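Working notes, beginning with the structure itself.
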Amino acid sequence: MMAPARGKNRLLRLVLPFVAVVIFQAFLAGLSLEMLSSVRAYVGGEGLWSKGQKDAIHFISLYSETGDERFFDQFKKAIAIPLSDRAARYALEQRPPDLDAARDGLLGGGNHPGDIPGMIRLFRYFQHSPYMAEAIGHWRGTDPILDQLASLGDAIHGELSGAPDVVGRAAVHKERIDSIDLRLAPFANAFSESLGEGSRFIKSALTVANLLTVISLVSLIVWHERKMLKRQLRFDIAEREFVARLSWQASHDALTGLVNRREFETRLGNALDSLSHKPSEHSLMFLDLDQFKVVNDTCGHAAGDQLLKQMSDLLQENLRTGGILARLGGDEFGVLLEDCDANSAAGIAERLRLAVQELRFIWNGCVFNVSVSIGLVHVAEAGAIEETLQAADMACYMAKEKGRNRVQVYYPSDSELVQRVGEMAWVQRIRNGLDEQRFCLFTQEIRALNSDEPHHSHVELLLRLRDEGGKLIQPGSFMPAAERYGLMPLIDRWVIRNAFALIASRLGSSEPARLSSCAINLSGATFGDNDFVDYVRRQFKIHRVPPGMICFEITETSAITNLPSAKRFIQALKKLGCRFSLDDFGTGMSSFSYLKHLPVDIIKIDGGFVTEMLNSKIDRAMVEMIVHLARVMGKSTVAEFVESEEVLAALRGIGVDYAQGYAIGKPVPFESAYPLIADTRREVA
C-alpha cells in the first residue's frame with residue numbers, strides 16, 4: 001500500500017506546479033482583458049467628452065451670432081455630455097460612492113452601457129494610481145470652466161430671448177466664448193495624453209506579466225520533458241519511439257494529422273525534379289475554405305479546429321487516389337497528384353468541391369454551409385517550385401474573386417491570371433523602390449477661383465516611381481498591386497516622411513508664402529493602422545511643418561467602406577490641426593447620406609462630372625448640387641480634371657472654390673515647382 005501512495009504523492013508534486021501556473025495564467029488573462037477593456041472605454045469616453053465641449057463652444061458661438069434657438073438646443077445637448085461625465089465623477093468621489101448616480105452620469109455622457117461597470121471599477125480601485133490620478137486631475141481642472149460655459153450660455157440665452165436685437169453683441173460674446181475655449185483646450189489635451197500614457201503603461205505591464213507567466217509555464221514544461229526524457233532514455237525502445245514521434249511532428253500538422261507545409265513542399269520539389277528524367281504529368285491543388293472565418297468568429301476557435309478536423313477527414317476520404325493531402329496553414333489545404341493527367345485532376349478537384357459543398361457543419365445547434373475555392377495547376381515538365389506554388393495560389397485567389405465555391409484552373413495563356421502573377425512581381429519592385437529611394441513626388445496646382453488668394457499656392461502631391469533605368473512609372477501601374485498585397489501603409493509613410501522633409505526645406509526660402517498648403521493622398525488601408533497617427537505626430541515634430549499646411553486626401557470609396565475607422569482617423573489628425581479633403585466625391589449617391597458623418601473640410605468633385613458638364617445637363621446639375629451641399633455644410637469645393645477655359649468659367653459661375661487640372665497646370669517635380677532659392681534680401685544687403 002505504501003508504494004502506490006508514494007507514487008500518487010510524486011504525481012501530485014509533479015502536477016501541482018502546472019495547475020497553479022495555468023490557474024494564475026487564466027486569472028491574469030481575465031484581469032488583462034478587463035483592464036484593457038476599461039481603459040479602452042475611458043479613452044473612447046474621453047473622445048465623447050472632448051467632442052461635447054467643442055460642440056458646446058461651436059453651437060453657443062453660432063447662437064450668439066444668429067439668435068437661432070436650434071443652436072441653443074444643440075448647445076444644451078452638447079454640454080450635457082461633459083456635465084453628465086462630471087456628475088458621474090462626483091458620485092464616485094463620494095464616501096460611500098453613489099453607484100447608481102455614477103451609472104446614470106456615464107450613460108448621459110454617451111458611454112456604452114456594457115463599458116460602464118468596468119469604467120466604475122477602474123475609477124474606484126485605480127483612481128490614485130499615477131497615470132489615472134494625473135488624468136483625473138486634468139479632468140477636475142475643467143470643472144470651473146464648464147460651469148462658466150454653462151452660465152455664459154444661459155446668460156446669452158436670457159439676453160437673446162428678452163431682446164432678439166441683441167444679436168449685434170455677438171462680438172462681445174465671442175470674446176468670452178473664445179476665452180473659455182482657450183482655457184478648456186489644454187486640459188482636454190492633457191487629459192487625452194494622460195489616458196493614452198496610462199493605456200500604454202497598463203498594456204506593457206500586463207504584457208510583461210503574461211510573458212513572465214508563460215515563461216514560467218514553458219520552463220516547467222521543459223523541465224518536465226527533460227525529466228521524462230531521462231526516464232525514457234533508460235530503455236532503447238522508448239528512445240526510438242520518442243525520436244519517431246518528433247520526426248512525425250516535424251512533418252505533420254498537429255491538429256489534423258496531415259502532412260504540413262514543409263513536408264508538402266519537399267515532396268512537391270521531388271515530384272517536379274522527377275519530370276526532368278521521367279516523362280510524366282503531375283497536378284497541384286490549393287484549397288481554401290470559404291466560410292472558415294464565419295465559423296471561427298461566431299463560435300470560437302474550438303469550433304474552427306473541429307471544422308478543420310472534419311474537413312481533413314472529408315478530403316482524405318474523397319481523394320481516393322493516393323494523392324498527398326496537406327494542411328498548409330490556417331484554413332488552406334494542398335493536394336499533390338503525381339502521375340495524374342489534366343482531365344483526371346479536374347475531375348478529382350470537382351469531386352472534392354462537391355463533397356465539401358454537401359457538408360453541414362453543426363456546432364452547438366448552429367448549422368453552417370461550407371464551401372471551398374480550389375486553384376488547380378497542371379505540370380508536365382520540370383520547373384521551379386516557387387513558380388508552381390505561386391501559380392496554384394493565384395488560381396485559388398482568382399476562384400475566390402470570381403464568387404468562391406469553384407475550381408479555377410491555371411493556364412499560362414490566361415491573361416487575367418497572368419496579370420495577377422504580374423501584380424505579385426510588383427510587390428518586390430515596390431519594396432526595392434522604397435529601399436532604394438526611387439519613389440519621387442510631383443505637384444499639381446490647385447487654383448482658387450476667386451481673387452482673394454493671389455499670393456497663395458495650393459498643390460496636391462502626386463506619387464511617381466522611377467524604374468531601374470530611371471524611367472517614370474505612373475501610379476496606375478503599381479498601385480493595384482500595392483493595395484492588393486498590403487503595401488499601401490508603407491508607401492503612405494514614405495510619402496509623409498519625404499513630403500514633410502521637402503516642405504520643411506522650403507519654409508526657410510525667401511518666399512515661404514508661395515507654398516500655402518499641400519494635399520497628400522492617403523489610402524484606405526491606413527485607417528486601420530493604429531500607429532499611423534503617432535507616426536504623423538513624430539514627423540511634424542521632426543520637420544516642424546505647420547499642421548495647418550497639410551490637407552490629407554482620402555477617397556470617397558475608402559471612407560465609406562471603413563466609416564467608423566475613417567471618422568476616428570480623421571478626428572485624431574484634425575486635433576493636430578490638419579485638414580481633410582474627400583476625393584472623388586459623387587461617384588455613388590449613397591455618399592451624400594454618409595457625408596454628414598465625415599468631418600472633412602473640402603469636397604473634391606469627381607472629375608467624371610466636371611469633364612462633361614458643358615455637354616451634359618445631368619453632370620452640371622450634379623456639380624451644382626455638390627456645391628450647394630458643401631455650402632450648407634460649410635465646406636470648400638475643388639473641381640478635378642478641369643481641362644479647358646470654358647469649363648473653368650462655368651465652374652466659377654457655379655461657385656466652385658478651387659479648380660485642378662491641365663487647364664490650371666500639369667504635374668511637375670516638386671523640386672522644379674519649388675526650387676531651393678537663397679534669401680535675396682540678405683544677398684542684396
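Here, A, B, ... name the chains of the C-alpha cells in the order displayed, residue numbers run from 1 inside each chain, and ligands are numbered from 1 in the same displayed order.
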Alpha helix (DSSP H) per DSSP on the backbone: members of range 218-439 of chain A, as an MDAnalysis selection string: chainID A and resid 218:232 236:251 261:274 292:299 301:319 342:357 385:401 415:435
Could you please write out, as a list in words, every residue of range 589-685 of chain A that DSSP assigns to strand (DSSP E or B)? Ile602, Ile603, Lys604, Ile605, Ser636, Thr637, Val638, Ala639, Tyr658, Ala659, Val668 and Pro669 of chain A
Neighbour list for Leu434 in chain A as a PyMOL selection string, cut-off 10 Å, only C-alpha atoms, skip fewer than 6 positions in-chain: chain A and resi 428+465+490-491+494
N, CA and C atoms of the current selection, written as a compact mmCIF listing (two decimals), in the first residue's frame:
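Output file part.txt follows:
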# COMPACT_ATOMS: atom_id res chain seq x y z
N GLN A 428 7.80 42.99 -55.06
CA GLN A 428 9.23 43.13 -54.81
C GLN A 428 9.77 44.41 -55.42
N LEU A 465 7.12 56.59 -59.53
CA LEU A 465 8.21 55.63 -59.27
C LEU A 465 9.13 55.61 -60.47
N LEU A 490 3.05 51.22 -46.03
CA LEU A 490 4.47 51.55 -46.18
C LEU A 490 4.66 52.73 -47.13
N ILE A 491 3.90 52.73 -48.22
CA ILE A 491 4.01 53.83 -49.18
C ILE A 491 3.52 55.13 -48.55
N TRP A 494 6.16 56.55 -46.42
CA TRP A 494 7.25 57.14 -47.22
C TRP A 494 6.82 58.52 -47.71
Each residue of range 565-681 of chain A lying at most 10 Å from range 44-54 of chain A should get a row with its shortest atom-to-atom pair and the distance in Å to one decimal, counting only C-alpha atoms; could you produce that, ordered by chain and increasing number, as CSV?
residue,atom,partner,partner_atom,distance
A:Arg568,CA,A:Gly47,CA,9.3
A:Gln571,CA,A:Gly47,CA,9.3
A:Ala572,CA,A:Gly47,CA,9.6
Considering only C-alpha atoms, can you say which of A:Ala621, A:Val39, A:Met613, A:Met394 comes closest to Glu640 in chain A?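 Using only C-alpha atoms, the shortest distance to Glu640 in chain A belongs to A:Met613.
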Might you pull out every residue within 7 Å of range 323-335 of chain A, with only C-alpha atoms counted and same-chain residues fewer than 6 positions away left off, and present them as an NGL selection string? :A and (253 or 258-261 or 264 or 284-289 or 292 or 316)
Output all heavy atoms of each residue in that selection to a file, as a short mmCIF file (atom, residue, chain, number, x, y, z; two decimals), in the first residue's frame.
data_model
loop_
_atom_site.label_atom_id
_atom_site.label_comp_id
_atom_site.auth_asym_id
_atom_site.auth_seq_id
_atom_site.Cartn_x
_atom_site.Cartn_y
_atom_site.Cartn_z
N ASP A 253 0.96 18.08 -39.45
CA ASP A 253 0.19 19.08 -38.72
C ASP A 253 -0.40 18.45 -37.46
O ASP A 253 -1.01 17.38 -37.51
CB ASP A 253 -0.94 19.61 -39.63
CG ASP A 253 -1.88 20.53 -38.89
OD1 ASP A 253 -1.41 21.54 -38.34
OD2 ASP A 253 -3.09 20.22 -38.86
N LEU A 258 -2.38 15.69 -40.91
CA LEU A 258 -1.97 15.70 -42.32
C LEU A 258 -0.52 16.16 -42.45
O LEU A 258 0.07 16.71 -41.53
CB LEU A 258 -2.87 16.64 -43.12
CG LEU A 258 -4.37 16.31 -43.16
CD1 LEU A 258 -5.11 17.39 -43.94
CD2 LEU A 258 -4.62 14.94 -43.78
N VAL A 259 0.02 15.92 -43.63
CA VAL A 259 1.35 16.45 -43.94
C VAL A 259 1.33 17.97 -43.80
O VAL A 259 0.35 18.62 -44.18
CB VAL A 259 1.75 16.04 -45.38
CG1 VAL A 259 3.02 16.75 -45.82
CG2 VAL A 259 1.91 14.53 -45.47
N ASN A 260 2.41 18.56 -43.25
CA ASN A 260 2.45 20.02 -43.10
C ASN A 260 3.08 20.66 -44.32
O ASN A 260 3.50 19.98 -45.27
CB ASN A 260 3.17 20.42 -41.81
CG ASN A 260 4.62 19.96 -41.78
OD1 ASN A 260 5.23 19.64 -42.81
ND2 ASN A 260 5.19 19.92 -40.58
N ARG A 261 3.15 22.00 -44.32
CA ARG A 261 3.63 22.73 -45.49
C ARG A 261 5.06 22.36 -45.86
O ARG A 261 5.37 22.16 -47.04
CB ARG A 261 3.52 24.24 -45.24
CG ARG A 261 4.09 25.08 -46.38
CD ARG A 261 3.97 26.56 -46.10
NE ARG A 261 2.63 27.05 -46.33
CZ ARG A 261 2.17 27.48 -47.51
NH1 ARG A 261 2.95 27.45 -48.58
NH2 ARG A 261 0.95 27.93 -47.62
N PHE A 264 5.15 19.01 -47.44
CA PHE A 264 4.45 19.06 -48.72
C PHE A 264 5.33 19.68 -49.80
O PHE A 264 5.41 19.17 -50.93
CB PHE A 264 3.16 19.85 -48.56
CG PHE A 264 2.30 19.90 -49.79
CD1 PHE A 264 1.55 18.79 -50.17
CD2 PHE A 264 2.24 21.04 -50.58
CE1 PHE A 264 0.75 18.83 -51.31
CE2 PHE A 264 1.45 21.08 -51.71
CZ PHE A 264 0.70 19.97 -52.08
N LEU A 284 -1.26 20.00 -59.12
CA LEU A 284 -1.18 20.60 -57.79
C LEU A 284 -2.45 21.39 -57.53
O LEU A 284 -2.91 22.13 -58.39
CB LEU A 284 0.04 21.53 -57.69
CG LEU A 284 0.16 22.40 -56.44
CD1 LEU A 284 0.40 21.54 -55.20
CD2 LEU A 284 1.29 23.41 -56.60
N MET A 285 -3.03 21.22 -56.32
CA MET A 285 -4.23 21.97 -55.94
C MET A 285 -3.99 22.75 -54.66
O MET A 285 -3.35 22.26 -53.74
CB MET A 285 -5.40 21.00 -55.68
CG MET A 285 -6.13 20.52 -56.89
SD MET A 285 -7.56 19.53 -56.37
CE MET A 285 -6.96 17.90 -56.73
N PHE A 286 -4.50 23.98 -54.64
CA PHE A 286 -4.62 24.77 -53.41
C PHE A 286 -6.10 24.88 -53.09
O PHE A 286 -6.90 25.26 -53.94
CB PHE A 286 -4.02 26.16 -53.60
CG PHE A 286 -2.59 26.28 -53.19
CD1 PHE A 286 -1.76 25.17 -53.14
CD2 PHE A 286 -2.07 27.51 -52.83
CE1 PHE A 286 -0.44 25.28 -52.76
CE2 PHE A 286 -0.74 27.63 -52.45
CZ PHE A 286 0.08 26.52 -52.42
N LEU A 287 -6.48 24.54 -51.85
CA LEU A 287 -7.87 24.62 -51.41
C LEU A 287 -7.98 25.58 -50.24
O LEU A 287 -7.19 25.48 -49.28
CB LEU A 287 -8.40 23.24 -50.98
CG LEU A 287 -8.37 22.11 -52.02
CD1 LEU A 287 -7.02 21.40 -52.00
CD2 LEU A 287 -9.48 21.10 -51.72
N ASP A 288 -8.93 26.49 -50.32
CA ASP A 288 -9.14 27.49 -49.26
C ASP A 288 -10.62 27.50 -48.88
O ASP A 288 -11.48 27.74 -49.72
CB ASP A 288 -8.71 28.88 -49.76
CG ASP A 288 -8.59 29.88 -48.62
OD1 ASP A 288 -9.56 29.99 -47.84
OD2 ASP A 288 -7.55 30.55 -48.51
N LEU A 289 -10.92 27.22 -47.59
CA LEU A 289 -12.31 27.21 -47.14
C LEU A 289 -12.90 28.60 -47.23
O LEU A 289 -12.25 29.59 -46.88
CB LEU A 289 -12.40 26.69 -45.71
CG LEU A 289 -11.87 25.27 -45.46
CD1 LEU A 289 -12.16 24.86 -44.02
CD2 LEU A 289 -12.49 24.28 -46.43
N PHE A 292 -14.70 29.68 -43.30
CA PHE A 292 -14.00 29.34 -42.06
C PHE A 292 -14.00 30.51 -41.07
O PHE A 292 -14.22 30.32 -39.87
CB PHE A 292 -12.55 28.94 -42.37
CG PHE A 292 -11.76 28.56 -41.15
CD1 PHE A 292 -12.00 27.36 -40.50
CD2 PHE A 292 -10.79 29.41 -40.64
CE1 PHE A 292 -11.28 27.00 -39.36
CE2 PHE A 292 -10.08 29.07 -39.51
CZ PHE A 292 -10.32 27.85 -38.87
N GLN A 316 -9.65 13.65 -47.29
CA GLN A 316 -8.88 12.41 -47.40
C GLN A 316 -9.75 11.27 -47.91
O GLN A 316 -9.33 10.47 -48.75
CB GLN A 316 -8.29 12.06 -46.02
CG GLN A 316 -7.26 10.95 -46.07
CD GLN A 316 -5.93 11.44 -46.64
OE1 GLN A 316 -5.22 12.21 -46.03
NE2 GLN A 316 -5.61 10.97 -47.84
#
Could you give me, as a tab-separated table (two decimals) with N, CA, C and O atoms, in the first residue's frame, the residues within 10 Å of Gln539 in chain A, counting only C-alpha atoms and dropping anything in the same chain fewer than 5 positions from it?
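Now in out37.tsv:
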chain	number	residue	atom	x	y	z
A	493	ARG	N	3.59	56.04	-45.47
A	493	ARG	CA	4.61	56.54	-44.54
A	493	ARG	C	5.77	57.17	-45.30
A	493	ARG	O	6.31	58.19	-44.87
A	496	ILE	N	4.58	60.63	-46.43
A	496	ILE	CA	4.53	61.59	-45.31
A	496	ILE	C	5.94	62.05	-44.95
A	496	ILE	O	6.20	63.26	-44.83
A	497	ARG	N	6.83	61.10	-44.77
A	497	ARG	CA	8.19	61.44	-44.34
A	497	ARG	C	8.90	62.35	-45.36
A	497	ARG	O	9.49	63.38	-45.00
A	498	ASN	N	8.83	62.00	-46.62
A	498	ASN	CA	9.54	62.76	-47.64
A	498	ASN	C	8.83	64.07	-47.98
A	498	ASN	O	9.50	65.07	-48.28
A	499	ALA	N	7.51	64.07	-47.96
A	499	ALA	CA	6.77	65.32	-48.22
A	499	ALA	C	7.08	66.34	-47.13
A	499	ALA	O	7.34	67.52	-47.42
A	500	PHE	N	7.08	65.92	-45.87
A	500	PHE	CA	7.38	66.85	-44.78
A	500	PHE	C	8.80	67.39	-44.90
A	500	PHE	O	9.05	68.57	-44.63
A	501	ALA	N	9.74	66.53	-45.30
A	501	ALA	CA	11.12	66.98	-45.45
A	501	ALA	C	11.23	68.03	-46.56
A	501	ALA	O	11.92	69.05	-46.39
A	533	VAL	N	-1.15	57.58	-36.73
A	533	VAL	CA	-1.31	58.93	-36.18
A	533	VAL	C	-0.08	59.32	-35.37
A	533	VAL	O	0.41	60.46	-35.47
A	534	ASP	N	0.43	58.39	-34.56
A	534	ASP	CA	1.65	58.69	-33.80
A	534	ASP	C	2.82	58.95	-34.74
A	534	ASP	O	3.67	59.79	-34.47
A	544	ARG	N	9.02	70.10	-38.14
A	544	ARG	CA	8.45	71.40	-37.74
A	544	ARG	C	7.61	72.02	-38.86
A	544	ARG	O	7.68	73.22	-39.12
A	545	VAL	N	6.85	71.18	-39.51
A	545	VAL	CA	5.92	71.66	-40.54
A	545	VAL	C	4.63	72.07	-39.85
A	545	VAL	O	4.08	71.30	-39.05
Could you list, as a JSON list (two decimals) with C-alpha atoms, in the first residue's frame, every residue within 10 Å of range 352-362 of chain A, counting only C-alpha atoms and ignoring same-chain residues fewer than 2 positions away?
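Heads up, here's the output in out10.json:
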[["chain", "number", "residue", "atom", "x", "y", "z"],
["A", 287, "LEU", "CA", -7.87, 24.62, -51.41],
["A", 289, "LEU", "CA", -12.31, 27.21, -47.14],
["A", 295, "VAL", "CA", -17.36, 29.80, -38.03],
["A", 303, "ALA", "CA", -15.38, 25.17, -33.44],
["A", 306, "GLN", "CA", -13.32, 20.88, -35.17],
["A", 307, "LEU", "CA", -14.27, 22.07, -38.65],
["A", 310, "GLN", "CA", -13.82, 17.20, -40.21],
["A", 311, "MET", "CA", -12.61, 18.85, -43.40],
["A", 314, "LEU", "CA", -13.66, 14.50, -45.67],
["A", 315, "LEU", "CA", -10.96, 15.49, -48.18],
["A", 316, "GLN", "CA", -8.88, 12.41, -47.40],
["A", 317, "GLU", "CA", -11.91, 10.18, -47.83],
["A", 318, "ASN", "CA", -12.83, 11.69, -51.21],
["A", 319, "LEU", "CA", -9.30, 11.90, -52.57],
["A", 346, "ALA", "CA", -10.00, 18.38, -62.84],
["A", 347, "GLY", "CA", -12.45, 15.57, -62.04],
["A", 348, "ILE", "CA", -10.87, 14.99, -58.63],
["A", 349, "ALA", "CA", -10.93, 18.73, -57.87],
["A", 350, "GLU", "CA", -14.63, 18.91, -58.73],
["A", 364, "ASN", "CA", -23.96, 23.99, -30.50],
["A", 365, "GLY", "CA", -27.13, 23.81, -32.56],
["A", 366, "CYS", "CA", -25.86, 26.21, -35.25],
["A", 367, "VAL", "CA", -25.68, 24.83, -38.80],
["A", 368, "PHE", "CA", -23.13, 26.22, -41.27],
["A", 369, "ASN", "CA", -22.97, 25.64, -45.02],
["A", 370, "VAL", "CA", -19.34, 25.25, -46.03],
["A", 371, "SER", "CA", -17.70, 25.56, -49.43],
["A", 372, "VAL", "CA", -14.17, 25.60, -50.82],
["A", 373, "SER", "CA", -12.33, 27.53, -53.53],
["A", 374, "ILE", "CA", -9.77, 25.45, -55.44],
["A", 405, "ASN", "CA", -17.07, 27.59, -54.32],
["A", 406, "ARG", "CA", -15.45, 26.87, -57.68],
["A", 407, "VAL", "CA", -12.39, 25.29, -59.31]]
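Distance annotation: of A:Leu62, A:Ile603, A:Leu614, A:Val43, the residue with the minimal separation from Met119 in chain A is A:Val43; atom set is only C-alpha atoms.
Non-sequential neighbours of Gly118 in chain A (distance at most 12 Å, separation of 4 or more positions within a chain, only C-alpha atoms) are Leu31, Leu33, Glu34, Met35, Leu36, Ser37, Ser38, Val39, Arg40, Ala41, Tyr42, Arg103, Leu106, Asn111, His112, Pro113, Gly114, Leu122, Phe123, Arg124, Tyr125 and Phe126 of chain A.
The two atoms in question, CA of Pro144 in chain A and CA of Ala185 in chain A, are spaced 13.7 Å apart.
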If you measure from CA of Leu598 in chain A to CA of Gln660 in chain A, what distance in Å do you get, rounded to one decimal?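 Between these atoms lies a distance of 22.8 Å.
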